[in-house]
file final-v1.cif (mmCIF, C-alpha atoms and all ligand atoms)
data_protein
loop_
_atom_site.label_atom_id
_atom_site.label_comp_id
_atom_site.auth_asym_id
_atom_site.auth_seq_id
_atom_site.Cartn_x
_atom_site.Cartn_y
_atom_site.Cartn_z
CA MET E 1 16.54 -17.70 -35.32
CA ILE E 2 17.04 -16.35 -31.79
CA LYS E 3 15.88 -17.77 -28.48
CA PHE E 4 12.88 -16.36 -26.66
CA GLU E 5 15.01 -15.02 -23.81
CA GLU E 6 17.22 -13.15 -26.27
CA ALA E 7 14.18 -11.73 -28.05
CA LEU E 8 12.67 -10.54 -24.77
CA LYS E 9 15.97 -8.90 -23.85
CA ILE E 10 16.09 -7.04 -27.17
CA ILE E 11 12.48 -5.91 -26.72
CA LEU E 12 12.98 -4.61 -23.20
CA GLU E 13 16.31 -2.95 -23.98
CA ASN E 14 14.58 -1.02 -26.73
CA THR E 15 11.49 -0.07 -24.73
CA LYS E 16 11.49 3.38 -23.13
CA VAL E 17 9.26 4.58 -20.31
CA LEU E 18 6.78 7.19 -21.58
CA GLY E 19 6.55 10.75 -20.19
CA LYS E 20 4.46 11.92 -17.24
CA GLU E 21 0.98 13.37 -17.13
CA LYS E 22 -1.28 14.70 -14.40
CA VAL E 23 -4.55 12.90 -13.68
CA PHE E 24 -7.29 13.31 -11.08
CA ILE E 25 -7.08 10.79 -8.21
CA THR E 26 -10.28 9.22 -9.47
CA GLU E 27 -8.56 8.37 -12.76
CA ALA E 28 -5.37 7.09 -11.18
CA LEU E 29 -6.36 3.48 -10.39
CA GLY E 30 -3.94 1.03 -12.03
CA ARG E 31 -1.62 3.79 -13.26
CA ILE E 32 2.02 4.01 -12.20
CA LEU E 33 2.99 6.83 -9.88
CA ALA E 34 5.52 9.21 -11.48
CA GLU E 35 6.21 11.35 -8.39
CA ASP E 36 7.08 10.68 -4.76
CA ILE E 37 4.23 11.31 -2.34
CA TYR E 38 5.10 13.15 0.89
CA ALA E 39 3.04 13.84 4.01
CA ASP E 40 1.72 17.40 4.18
CA ARG E 41 0.93 17.10 7.95
CA ASP E 42 1.46 14.74 10.84
CA ASN E 43 -1.07 11.91 10.90
CA PRO E 44 -2.92 11.99 13.23
CA PRO E 45 -2.37 15.78 13.28
CA ALA E 46 -2.84 15.80 17.08
CA ASP E 47 -3.35 13.21 19.85
CA ASN E 48 -6.88 11.85 19.54
CA SER E 49 -9.06 9.11 20.93
CA GLY E 50 -9.24 5.59 19.53
CA MET E 51 -12.46 4.86 21.48
CA ASP E 52 -15.75 6.31 22.66
CA GLY E 53 -15.50 6.89 26.42
CA PHE E 54 -14.03 9.36 28.88
CA ALA E 55 -10.82 11.37 28.80
CA VAL E 56 -9.30 11.58 32.26
CA LYS E 57 -6.14 12.23 34.20
CA TYR E 58 -4.44 8.91 34.97
CA GLU E 59 -3.79 10.01 38.55
CA ASP E 60 -7.60 10.19 39.07
CA ILE E 61 -8.23 6.53 38.16
CA ILE E 62 -5.36 4.82 40.01
CA GLY E 63 -6.78 1.85 41.90
CA ALA E 64 -10.28 2.11 40.37
CA SER E 65 -12.22 -1.20 40.52
CA GLU E 66 -15.76 -2.64 40.46
CA GLU E 67 -15.98 -2.33 44.25
CA ASN E 68 -14.22 0.98 44.46
CA PRO E 69 -14.84 3.01 41.28
CA ALA E 70 -13.27 6.38 40.61
CA VAL E 71 -16.00 9.03 40.47
CA LEU E 72 -15.32 12.08 38.29
CA LYS E 73 -17.40 15.10 37.32
CA ILE E 74 -18.19 15.36 33.60
CA VAL E 75 -17.24 18.86 32.50
CA ALA E 76 -16.87 18.80 28.73
CA GLU E 77 -17.28 16.87 25.49
CA SER E 78 -14.74 16.17 22.71
CA LYS E 79 -16.15 15.08 19.35
CA ALA E 80 -14.30 14.35 16.10
CA GLY E 81 -13.96 17.73 14.43
CA GLY E 82 -14.62 19.63 17.68
CA ASP E 83 -12.40 22.10 19.53
CA GLN E 84 -9.96 20.99 22.21
CA VAL E 85 -11.52 21.04 25.68
CA LYS E 86 -9.89 20.84 29.10
CA VAL E 87 -10.05 18.53 32.15
CA ASP E 88 -8.74 19.33 35.61
CA LYS E 89 -8.07 17.06 38.55
CA GLY E 90 -11.29 15.21 39.55
CA THR E 91 -13.04 15.82 36.21
CA ALA E 92 -13.56 13.95 32.94
CA ALA E 93 -14.72 14.75 29.41
CA TYR E 94 -16.99 12.69 27.17
CA ILE E 95 -14.82 11.73 24.21
CA TYR E 96 -15.64 10.06 20.88
CA THR E 97 -13.40 8.22 18.44
CA GLY E 98 -11.28 10.83 16.66
CA GLY E 99 -11.99 13.52 19.28
CA LEU E 100 -8.97 15.61 20.37
CA ILE E 101 -7.49 14.59 23.72
CA PRO E 102 -8.44 17.40 26.13
CA GLU E 103 -5.77 19.59 27.63
CA GLY E 104 -4.81 18.01 30.96
CA ALA E 105 -6.03 14.48 30.03
CA ASP E 106 -3.59 11.61 29.40
CA THR E 107 -5.80 8.50 29.31
CA VAL E 108 -9.09 7.41 27.69
CA ILE E 109 -11.37 4.89 29.42
CA GLN E 110 -13.71 3.15 27.02
CA LYS E 111 -17.42 3.55 27.65
CA GLU E 112 -17.87 -0.16 28.47
CA LEU E 113 -15.83 0.30 31.70
CA THR E 114 -17.94 3.21 32.95
CA LYS E 115 -21.41 4.18 34.10
CA VAL E 116 -22.95 7.67 34.04
CA GLU E 117 -25.23 9.08 36.71
CA ASP E 118 -26.35 12.70 36.28
CA ASP E 119 -23.13 14.69 35.74
CA LYS E 120 -20.88 12.00 37.21
CA VAL E 121 -19.01 9.14 35.62
CA PHE E 122 -18.11 5.98 37.56
CA ILE E 123 -14.92 4.31 36.30
CA PHE E 124 -14.61 0.64 37.23
CA GLN E 125 -11.10 -0.18 36.13
CA GLU E 126 -7.66 1.35 36.19
CA LEU E 127 -6.07 1.37 32.72
CA PRO E 128 -2.42 2.08 31.98
CA LYS E 129 -1.56 5.74 31.43
CA GLY E 130 -1.96 6.68 27.76
CA SER E 131 -4.58 3.99 27.02
CA ASN E 132 -6.71 4.45 23.89
CA ILE E 133 -4.80 7.50 22.73
CA ARG E 134 -3.67 7.65 19.12
CA PRO E 135 -0.58 9.85 19.32
CA GLN E 136 0.14 12.75 16.99
CA GLY E 137 2.27 11.51 14.07
CA GLY E 138 1.72 7.88 15.10
CA ASP E 139 1.03 6.87 11.49
CA TYR E 140 3.43 9.31 9.81
CA LYS E 141 5.11 12.68 10.29
CA LYS E 142 4.94 15.78 8.10
CA GLY E 143 7.51 15.45 5.31
CA ASP E 144 7.71 11.61 5.47
CA LEU E 145 7.99 9.84 2.10
CA LEU E 146 4.76 7.81 1.98
CA ILE E 147 4.78 6.31 -1.54
CA LYS E 148 7.72 6.13 -3.90
CA ALA E 149 7.44 6.87 -7.62
CA GLY E 150 7.09 3.61 -9.54
CA LYS E 151 4.38 2.17 -7.30
CA LYS E 152 1.23 0.93 -8.98
CA ILE E 153 -1.74 2.92 -7.72
CA ARG E 154 -4.33 0.70 -6.08
CA SER E 155 -7.05 1.82 -3.70
CA PRO E 156 -4.81 2.34 -0.62
CA GLU E 157 -2.56 4.61 -2.68
CA MET E 158 -5.61 6.57 -3.88
CA GLY E 159 -6.54 7.00 -0.23
CA ILE E 160 -3.07 8.22 0.78
CA ILE E 161 -2.84 10.62 -2.18
CA SER E 162 -6.14 12.22 -1.20
CA SER E 163 -5.20 12.31 2.49
CA VAL E 164 -2.14 14.46 1.70
CA ASN E 165 -4.46 16.87 -0.10
CA LYS E 166 -3.51 16.15 -3.72
CA PRO E 167 -6.49 16.31 -6.09
CA THR E 168 -4.23 15.35 -8.99
CA VAL E 169 -1.14 13.23 -9.27
CA TYR E 170 1.63 12.61 -11.81
CA VAL E 171 1.53 9.19 -13.47
CA TYR E 172 3.26 7.76 -16.53
CA GLN E 173 1.41 8.15 -19.81
CA THR E 174 -0.64 5.31 -21.24
CA PRO E 175 0.77 3.73 -24.39
CA LYS E 176 -1.44 3.84 -27.48
CA VAL E 177 -1.30 0.50 -29.22
CA GLY E 178 -2.46 0.35 -32.84
CA ILE E 179 -3.76 -2.96 -34.14
CA LEU E 180 -3.66 -3.50 -37.89
CA THR E 181 -5.29 -6.71 -39.08
CA THR E 182 -4.05 -8.03 -42.42
CA GLY E 183 -5.18 -10.79 -44.75
CA ASP E 184 -7.29 -11.02 -47.93
CA GLU E 185 -9.47 -13.60 -46.21
CA ILE E 186 -10.18 -11.66 -43.01
CA LEU E 187 -13.59 -10.12 -42.32
CA ASP E 188 -14.49 -7.71 -39.55
CA VAL E 189 -17.52 -8.40 -37.39
CA GLY E 190 -20.68 -7.62 -39.35
CA GLU E 191 -19.19 -7.97 -42.82
CA PRO E 192 -21.13 -10.47 -44.95
CA VAL E 193 -19.47 -13.76 -45.87
CA THR E 194 -19.30 -13.99 -49.66
CA LYS E 195 -16.74 -16.78 -50.03
CA LEU E 196 -16.17 -20.04 -48.20
CA SER E 197 -12.50 -19.19 -47.71
CA GLN E 198 -13.20 -16.07 -45.70
CA ILE E 199 -12.29 -16.01 -42.02
CA ARG E 200 -13.97 -13.86 -39.42
CA THR E 201 -11.38 -12.03 -37.37
CA SER E 202 -10.61 -13.11 -33.84
CA ASN E 203 -7.19 -11.50 -33.51
CA THR E 204 -8.36 -7.90 -33.77
CA TYR E 205 -10.51 -8.14 -30.69
CA ALA E 206 -8.56 -10.76 -28.73
CA LEU E 207 -5.56 -8.44 -28.99
CA TYR E 208 -7.75 -5.44 -28.19
CA GLY E 209 -8.72 -7.17 -24.94
CA GLN E 210 -5.15 -8.09 -24.08
CA ILE E 211 -4.04 -4.49 -24.57
CA LEU E 212 -6.83 -3.26 -22.29
CA GLU E 213 -5.89 -5.91 -19.71
CA VAL E 214 -2.36 -4.60 -19.50
CA GLY E 215 -3.48 -1.00 -18.99
CA ALA E 216 -2.83 0.44 -22.43
CA GLU E 217 -5.12 2.05 -24.99
CA PRO E 218 -5.89 -0.10 -28.02
CA VAL E 219 -6.69 1.54 -31.36
CA VAL E 220 -8.13 -0.45 -34.26
CA LEU E 221 -6.26 0.76 -37.33
CA GLY E 222 -8.45 -1.23 -39.69
CA PHE E 223 -8.26 -4.27 -41.92
CA ALA E 224 -5.75 -4.35 -44.78
CA LYS E 225 -5.96 -6.66 -47.76
CA ASP E 226 -2.71 -8.33 -48.80
CA ASN E 227 -1.81 -5.65 -51.34
CA PRO E 228 0.79 -2.88 -51.11
CA GLU E 229 -1.57 0.10 -51.45
CA ASP E 230 -3.95 -1.02 -48.75
CA ILE E 231 -1.22 -2.07 -46.31
CA LYS E 232 0.70 1.18 -46.83
CA GLU E 233 -2.35 3.36 -46.38
CA LYS E 234 -3.40 1.66 -43.16
CA LEU E 235 0.13 1.55 -41.77
CA SER E 236 0.19 5.33 -42.08
CA TYR E 237 -2.65 5.49 -39.55
CA ALA E 238 -0.20 4.15 -36.94
CA LYS E 239 1.81 7.38 -36.74
CA SER E 240 0.26 8.60 -33.50
CA CYS E 241 0.68 5.21 -31.78
CA ASP E 242 3.48 4.22 -29.41
CA ILE E 243 3.30 0.58 -30.42
CA LEU E 244 2.14 -0.91 -33.70
CA LEU E 245 0.87 -4.46 -33.82
CA THR E 246 0.15 -6.07 -37.17
CA THR E 247 -1.39 -9.52 -37.38
CA GLY E 248 -0.96 -11.85 -40.33
CA GLY E 249 1.45 -11.70 -43.19
CA VAL E 250 4.72 -12.31 -41.39
CA SER E 251 5.22 -15.94 -42.39
CA VAL E 252 7.80 -16.85 -45.01
CA GLY E 253 6.97 -15.26 -48.34
CA GLU E 254 4.61 -12.69 -47.00
CA TYR E 255 7.02 -11.30 -44.44
CA ASP E 256 9.21 -9.28 -46.77
CA LEU E 257 6.13 -7.44 -47.90
CA VAL E 258 5.24 -6.27 -44.39
CA LYS E 259 8.84 -5.59 -43.45
CA ASP E 260 9.46 -3.43 -46.48
CA PHE E 261 6.28 -1.51 -45.87
CA VAL E 262 6.75 -0.79 -42.18
CA THR E 263 10.24 0.38 -43.04
CA GLU E 264 9.06 2.43 -46.03
CA VAL E 265 6.00 4.02 -44.38
CA LEU E 266 7.08 4.33 -40.75
CA GLY E 267 10.88 3.98 -40.86
CA VAL E 268 10.88 0.80 -38.75
CA ASP E 269 14.29 -0.80 -38.07
CA ILE E 270 13.67 -4.53 -37.79
CA LEU E 271 15.71 -5.92 -34.87
CA PHE E 272 14.67 -9.54 -35.12
CA TRP E 273 12.46 -11.85 -37.13
CA LYS E 274 11.76 -15.43 -36.06
CA VAL E 275 12.10 -16.71 -32.53
CA ALA E 276 12.65 -20.31 -31.41
CA GLN E 277 9.22 -20.54 -29.83
CA LYS E 278 6.02 -22.43 -30.49
CA PRO E 279 3.59 -20.97 -31.32
CA GLY E 280 4.64 -17.59 -32.68
CA LYS E 281 7.89 -18.43 -34.48
CA PRO E 282 7.62 -15.89 -37.34
CA VAL E 283 7.23 -12.86 -35.06
CA ALA E 284 9.06 -9.70 -36.13
CA PHE E 285 10.14 -6.84 -33.89
CA GLY E 286 11.47 -3.38 -34.62
CA VAL E 287 11.74 0.22 -33.48
CA TRP E 288 10.66 3.43 -35.18
CA GLY E 289 9.83 7.08 -34.50
CA LYS E 290 12.09 10.14 -34.18
CA ASN E 291 14.21 8.63 -31.42
CA LYS E 292 13.35 5.01 -32.16
CA GLU E 293 11.10 5.23 -29.12
CA LYS E 294 8.17 3.41 -30.76
CA LEU E 295 7.84 -0.33 -31.15
CA PHE E 296 6.63 -2.58 -33.94
CA PHE E 297 5.52 -6.17 -33.50
CA GLY E 298 4.72 -8.15 -36.64
CA ILE E 299 2.56 -10.91 -35.21
CA PRO E 300 1.62 -14.13 -37.01
CA GLY E 301 -2.03 -14.59 -37.91
CA ASN E 302 -2.75 -17.88 -36.19
CA PRO E 303 -4.97 -16.89 -33.28
CA VAL E 304 -3.16 -18.73 -30.48
CA ALA E 305 0.21 -17.62 -31.81
CA ALA E 306 -1.03 -14.03 -31.91
CA MET E 307 -2.29 -14.17 -28.35
CA SER E 308 0.80 -15.88 -26.98
CA VAL E 309 3.10 -13.31 -28.60
CA VAL E 310 1.07 -10.53 -27.02
CA GLU E 311 1.06 -12.26 -23.63
CA THR E 312 4.78 -13.04 -23.55
CA MET E 313 6.37 -10.19 -25.55
CA VAL E 314 3.99 -7.29 -26.07
CA LYS E 315 2.58 -7.11 -22.53
CA PRO E 316 6.05 -6.84 -20.93
CA ALA E 317 6.90 -4.00 -23.33
CA VAL E 318 3.62 -2.21 -22.57
CA ARG E 319 4.23 -2.58 -18.83
CA LYS E 320 7.68 -1.07 -19.15
CA MET E 321 6.38 1.84 -21.25
CA ARG E 322 3.68 2.65 -18.71
CA GLY E 323 6.26 2.75 -15.94
CA GLU E 324 5.87 -0.67 -14.29
CA GLU E 325 8.93 -2.14 -12.62
CA ASN E 326 7.98 -5.81 -12.85
CA VAL E 327 6.98 -6.54 -16.40
CA ILE E 328 6.73 -10.31 -16.77
CA ASN E 329 3.49 -12.21 -16.09
CA PRO E 330 3.65 -14.19 -12.84
CA ILE E 331 5.30 -17.60 -13.23
CA VAL E 332 4.44 -20.42 -10.80
CA LYS E 333 5.60 -24.02 -10.40
CA ALA E 334 2.94 -26.64 -11.15
CA LYS E 335 2.78 -30.40 -11.40
CA LEU E 336 1.94 -31.36 -14.96
CA SER E 337 -0.97 -33.77 -14.92
CA GLY E 338 -0.84 -36.51 -17.58
CA GLY E 339 2.58 -35.44 -18.84
CA TYR E 340 3.44 -34.04 -22.25
CA ARG E 341 5.34 -35.37 -25.26
CA ARG E 342 6.52 -33.84 -28.50
CA LYS E 343 8.60 -35.01 -31.44
CA LYS E 344 11.07 -32.15 -31.64
CA GLY E 345 12.57 -30.07 -28.89
CA GLU E 346 13.93 -27.23 -30.98
CA ARG E 347 11.78 -24.46 -29.60
CA LEU E 348 10.49 -23.15 -26.29
CA GLU E 349 6.87 -24.26 -26.34
CA PHE E 350 3.98 -22.52 -24.64
CA ILE E 351 1.34 -25.15 -23.95
CA ARG E 352 -2.13 -24.08 -22.88
CA VAL E 353 -2.93 -25.42 -19.44
CA ALA E 354 -5.82 -25.19 -16.99
CA LEU E 355 -4.70 -24.86 -13.39
CA GLU E 356 -6.09 -26.07 -10.11
CA ILE E 357 -4.90 -25.46 -6.56
CA THR E 358 -4.62 -28.61 -4.47
CA ASP E 359 -3.18 -29.21 -1.00
CA ASP E 360 -0.09 -30.22 -2.92
CA GLY E 361 0.22 -26.91 -4.78
CA PHE E 362 -0.67 -26.07 -8.37
CA VAL E 363 -1.62 -28.78 -10.83
CA ALA E 364 -1.53 -27.99 -14.56
CA LYS E 365 -3.62 -29.89 -17.11
CA PRO E 366 -2.69 -29.41 -20.75
CA PHE E 367 -5.48 -29.19 -23.30
CA GLY E 368 -5.68 -32.05 -25.77
CA ARG E 369 -5.47 -29.95 -28.89
CA GLN E 370 -2.52 -27.57 -28.84
CA GLY E 371 -2.55 -26.33 -32.47
CA SER E 372 -1.80 -22.65 -32.89
CA ASN E 373 -5.09 -22.29 -34.77
CA ILE E 374 -7.20 -23.76 -31.93
CA LEU E 375 -8.40 -20.60 -30.19
CA THR E 376 -11.00 -22.46 -28.14
CA GLY E 377 -8.04 -23.97 -26.23
CA MET E 378 -7.43 -20.48 -24.81
CA VAL E 379 -10.93 -20.11 -23.40
CA TYR E 380 -10.49 -22.29 -20.32
CA ALA E 381 -6.71 -21.92 -20.10
CA HIS E 382 -5.14 -20.06 -17.19
CA GLY E 383 -1.58 -20.05 -18.39
CA PHE E 384 1.15 -21.34 -20.64
CA GLY E 385 3.17 -24.32 -19.44
CA LEU E 386 6.77 -23.76 -20.53
CA VAL E 387 8.42 -26.68 -22.32
CA ASP E 388 12.10 -25.86 -22.72
CA ILE E 389 14.35 -26.35 -25.71
CA GLY E 390 15.80 -29.87 -25.65
CA VAL E 391 12.85 -31.33 -23.73
CA THR E 392 10.70 -33.81 -25.64
CA GLU E 393 8.95 -35.50 -22.74
CA ILE E 394 7.58 -34.37 -19.40
CA LYS E 395 6.31 -37.20 -17.21
CA ASP E 396 3.03 -37.21 -15.33
CA GLY E 397 3.44 -35.24 -12.09
CA GLU E 398 6.72 -33.58 -13.08
CA THR E 399 7.02 -29.91 -12.12
CA ILE E 400 6.97 -27.25 -14.82
CA ASP E 401 6.87 -23.45 -14.88
CA VAL E 402 3.53 -21.95 -15.82
CA LEU E 403 3.26 -18.35 -17.01
CA LEU E 404 -0.11 -17.13 -15.77
CA PHE E 405 -2.57 -14.98 -17.65
CA ASP E 406 -5.68 -15.72 -15.57
CA THR E 407 -5.75 -16.18 -11.80
CA ASP E 408 -9.51 -16.60 -11.33
CA PHE E 409 -9.03 -20.32 -10.69
CA MET E 410 -7.56 -19.30 -7.32
CA LYS E 411 -10.91 -17.98 -6.13
CA LYS E 412 -12.56 -20.51 -3.87
CA GLU E 413 -14.82 -20.70 -0.87
CA PHE E 414 -13.47 -19.15 2.32
CA ARG E 415 -10.48 -21.22 3.49
CA LYS E 416 -11.48 -24.32 1.58
P1 LIG S 501 -0.80 -15.57 -41.74
O1 LIG S 501 0.05 -15.27 -40.55
O2 LIG S 501 -1.30 -14.34 -42.44
O3 LIG S 501 -0.11 -16.51 -42.66
O4 LIG S 501 -2.09 -16.31 -41.18
C1 LIG S 501 -1.99 -17.57 -40.55
C2 LIG S 501 -3.36 -18.11 -40.28
O5 LIG S 501 -4.04 -17.29 -39.35
C3 LIG S 501 -4.25 -18.18 -41.49
O6 LIG S 501 -5.00 -19.39 -41.42
C4 LIG S 501 -5.15 -17.00 -41.34
O7 LIG S 501 -6.40 -17.14 -41.97
C5 LIG S 501 -5.31 -16.90 -39.84
N1 LIG S 501 -5.57 -15.52 -39.46
C6 LIG S 501 -4.88 -14.44 -39.88
N2 LIG S 501 -5.39 -13.32 -39.37
C7 LIG S 501 -6.44 -13.69 -38.58
C8 LIG S 501 -7.37 -12.98 -37.78
N3 LIG S 501 -7.34 -11.65 -37.70
N4 LIG S 501 -8.30 -13.69 -37.12
C9 LIG S 501 -8.34 -15.03 -37.20
N5 LIG S 501 -7.50 -15.75 -37.95
C10 LIG S 501 -6.54 -15.10 -38.63
MG MG S 502 -2.24 -13.70 -44.11
#

call {"tool": "encode", "arguments": {"input": "final-v1.cif", "output": "structure tokens", "more": "lines below"}}
Ligand code: AMP
Ligand code: MG
result
Amino acid sequence: MIKFEEALKIILENTKVLGKEKVFITEALGRILAEDIYADRDNPPADNSGMDGFAVKYEDIIGASEENPAVLKIVAESKAGGDQVKVDKGTAAYIYTGGLIPEGADTVIQKELTKVEDDKVFIFQELPKGSNIRPQGGDYKKGDLLIKAGKKIRSPEMGIISSVNKPTVYVYQTPKVGILTTGDEILDVGEPVTKLSQIRTSNTYALYGQILEVGAEPVVLGFAKDNPEDIKEKLSYAKSCDILLTTGGVSVGEYDLVKDFVTEVLGVDILFWKVAQKPGKPVAFGVWGKNKEKLFFGIPGNPVAAMSVVETMVKPAVRKMRGEENVINPIVKAKLSGGYRRKKGERLEFIRVALEITDDGFVAKPFGRQGSNILTGMVYAHGFGLVDIGVTEIKDGETIDVLLFDTDFMKKEFRK
């Protein structure tokens, strides 16, 4: 049995970034940029005004004051999108935000410091030369590298990509993640219960959600009964996936069945089985495909175990495949409220905790029932508190690491 850290290392070492594809800007949100983005022009492309007011020659407003305003003749108008106009000594031009600075002008006086009478403007204050002018190239220059490949595309990046006139952009491809649910007892939603021992699936759709959350494309490969024919047939549906997840049937006894079949049907090389973690100990991992570029995760059936394996092992692999640089969920320090005890300290334990922000930092409260079959414990949990190997007791108020999967608890009233 290997340690979690070792397992994660094996997973990430065997995970390859997918190829590139072109998408429209409008489809790029959340994707990872696969090309560098350069400026096609200076921005602003020419000196323009940061205010509504008057473009003047500085020399004409020297010494202007309330008592002794400068009086200039209005000779032109410069609007955003308009042509460049001209001012000479003793004249001014109306100018609007974004309007080109007129030839001959070097300063903009905002409207609030002026008064207009007929074709004259009275300027009541001297401003420093160059005031309210946004200089050409002040944001960036033509040819500047604006966004490096590898950056996650959020809304500012969408804005920049469009502003350099790119309707489409290269991003890394989205992994397709097949989910095969196994177990004689498992029913899909809508199937009638005919026996008391039947269990309605939660894993299929909990995992589906987790795969969507991490920016990949989930594919339901179906529900296989615990018999060779059914498992083999449904495993064959995985061929066009980048990652195959199976749930159920990897515990002792059943495991060999699944292992033999993923190897037989898909050519999976199993790289590890069983990790010193709780829940999720009997997880299996392997690689397959022409260049062993595809991944297989054999995930135990217990719902919390299934979700924690996806959160801690599958999501990092998906992030790497889709081109992300930082692949681990955020981990924060939190004070454990009420403490935690366990009999054995043989495995790294992921305990479900609810978090709160206090003036003292994060406080984590473990849920009372931590069984790997208690899915309701996930509903109000925000993260997994990490209880290390060798630790059997954490005292009330002691600090632990919490791996986050929900940050909504951070949303509060403004500055409260
Ligand atoms: P297994 O890993 O197949 O031994 O399953 C362990 C436990 O998880 C059993 O109690 C199963 O009934 C349960 N289980 C397996 N698959 C699912 C599923 N898709 N949804 C909910 N529970 C499941
Ligand atoms: Mg089973």

call {"tool": "closest_residue", "arguments": {"input": "final-v1.cif", "among": "E:Leu404, E:Ala149, E:Val391, E:Val121", "to": "Pro330 of chain E", "atoms": "all atoms listed in the file"}}
result
E:Leu404

call {"tool": "closest_atom_pairs", "arguments": {"input": "final-v1.cif", "of": "chain E", "to": "ligand MG 502 (chain S)", "cutoff": "12 Å", "atoms": "all atoms listed in the file", "output": "Markdown table"}}
result
| residue | atom | partner | partner_atom | distance |
| --- | --- | --- | --- | --- |
| E:Thr181 | CA | S:MG502 | MG | 9.1 |
| E:Thr182 | CA | S:MG502 | MG | 6.2 |
| E:Gly183 | CA | S:MG502 | MG | 4.2 |
| E:Asp184 | CA | S:MG502 | MG | 6.9 |
| E:Glu185 | CA | S:MG502 | MG | 7.5 |
| E:Ile186 | CA | S:MG502 | MG | 8.3 |
| E:Gln198 | CA | S:MG502 | MG | 11.3 |
| E:Ile199 | CA | S:MG502 | MG | 10.5 |
| E:Thr201 | CA | S:MG502 | MG | 11.5 |
| E:Asn203 | CA | S:MG502 | MG | 11.9 |
| E:Phe223 | CA | S:MG502 | MG | 11.4 |
| E:Ala224 | CA | S:MG502 | MG | 10.0 |
| E:Lys225 | CA | S:MG502 | MG | 8.8 |
| E:Asp226 | CA | S:MG502 | MG | 7.1 |
| E:Asn227 | CA | S:MG502 | MG | 10.8 |
| E:Ile231 | CA | S:MG502 | MG | 11.9 |
| E:Thr246 | CA | S:MG502 | MG | 10.6 |
| E:Thr247 | CA | S:MG502 | MG | 8.0 |
| E:Gly248 | CA | S:MG502 | MG | 4.4 |
| E:Gly249 | CA | S:MG502 | MG | 4.3 |
| E:Val250 | CA | S:MG502 | MG | 7.6 |
| E:Ser251 | CA | S:MG502 | MG | 8.0 |
| E:Val252 | CA | S:MG502 | MG | 10.6 |
| E:Gly253 | CA | S:MG502 | MG | 10.3 |
| E:Glu254 | CA | S:MG502 | MG | 7.5 |
| E:Tyr255 | CA | S:MG502 | MG | 9.6 |
| E:Leu257 | CA | S:MG502 | MG | 11.1 |
| E:Val258 | CA | S:MG502 | MG | 10.5 |
| E:Gly298 | CA | S:MG502 | MG | 11.6 |
| E:Ile299 | CA | S:MG502 | MG | 10.5 |
| E:Pro300 | CA | S:MG502 | MG | 8.1 |
| E:Gly301 | CA | S:MG502 | MG | 6.3 |
| E:Asn302 | CA | S:MG502 | MG | 9.0 |
| E:Pro303 | CA | S:MG502 | MG | 11.6 |

call {"tool": "write_last_selection", "arguments": {"input": "final-v1.cif", "atoms": "C-alpha atoms", "output": "compact mmCIF listing (two decimals), in the frame of the given file"}}
result
# COMPACT_ATOMS: atom_id res chain seq x y z
CA THR E 181 -5.29 -6.71 -39.08
CA THR E 182 -4.05 -8.03 -42.42
CA GLY E 183 -5.18 -10.79 -44.75
CA ASP E 184 -7.29 -11.02 -47.93
CA GLU E 185 -9.47 -13.60 -46.21
CA ILE E 186 -10.18 -11.66 -43.01
CA GLN E 198 -13.20 -16.07 -45.70
CA ILE E 199 -12.29 -16.01 -42.02
CA THR E 201 -11.38 -12.03 -37.37
CA ASN E 203 -7.19 -11.50 -33.51
CA PHE E 223 -8.26 -4.27 -41.92
CA ALA E 224 -5.75 -4.35 -44.78
CA LYS E 225 -5.96 -6.66 -47.76
CA ASP E 226 -2.71 -8.33 -48.80
CA ASN E 227 -1.81 -5.65 -51.34
CA ILE E 231 -1.22 -2.07 -46.31
CA THR E 246 0.15 -6.07 -37.17
CA THR E 247 -1.39 -9.52 -37.38
CA GLY E 248 -0.96 -11.85 -40.33
CA GLY E 249 1.45 -11.70 -43.19
CA VAL E 250 4.72 -12.31 -41.39
CA SER E 251 5.22 -15.94 -42.39
CA VAL E 252 7.80 -16.85 -45.01
CA GLY E 253 6.97 -15.26 -48.34
CA GLU E 254 4.61 -12.69 -47.00
CA TYR E 255 7.02 -11.30 -44.44
CA LEU E 257 6.13 -7.44 -47.90
CA VAL E 258 5.24 -6.27 -44.39
CA GLY E 298 4.72 -8.15 -36.64
CA ILE E 299 2.56 -10.91 -35.21
CA PRO E 300 1.62 -14.13 -37.01
CA GLY E 301 -2.03 -14.59 -37.91
CA ASN E 302 -2.75 -17.88 -36.19
CA PRO E 303 -4.97 -16.89 -33.28

call {"tool": "atom_distance", "arguments": {"input": "final-v1.cif", "atom1": "atom CA of Lys259 of chain E", "atom2": "atom CA of Leu8 of chain E"}}
result
19.7 Å

call {"tool": "residues_around", "arguments": {"input": "final-v1.cif", "residues": "Lys9 of chain E", "least_positions_apart": "5", "cutoff": "12 Å", "atoms": "only C-alpha atoms", "output": "JSON, numbers by chain"}}
result
{"E": [2, 3, 4, 14, 15, 271, 272, 285, 312, 313, 316, 317, 327, 328]}

call {"tool": "closest_residue", "arguments": {"input": "final-v1.cif", "among": "E:Asp83, E:Glu67, E:Asp242, E:Glu264", "to": "Phe296 of chain E", "atoms": "all atoms listed in the file"}}
result
E:Asp242

call {"tool": "axis_aligned_box", "arguments": {"input": "final-v1.cif", "around": "ligand LIG 501 (chain S)", "padding_each_side": "8 Å", "output": "JSON"}}
result
{"center_x": -4.1, "center_y": -15.5, "center_z": -39.9, "size_x": 24.4, "size_y": 23.7, "size_z": 21.5}

call {"tool": "decode", "arguments": {"input": "final-v1.cif", "residues": "segment 93-97 of chain E", "atoms": "C-alpha atoms", "output": "compact mmCIF listing (two decimals), in the first residue's frame"}}
result
# COMPACT_ATOMS: atom_id res chain seq x y z
CA ALA E 93 -11.56 72.53 -28.75
CA TYR E 94 -14.48 70.80 -27.04
CA ILE E 95 -13.19 67.33 -26.19
CA TYR E 96 -14.94 64.21 -24.87
CA THR E 97 -13.53 61.17 -23.11
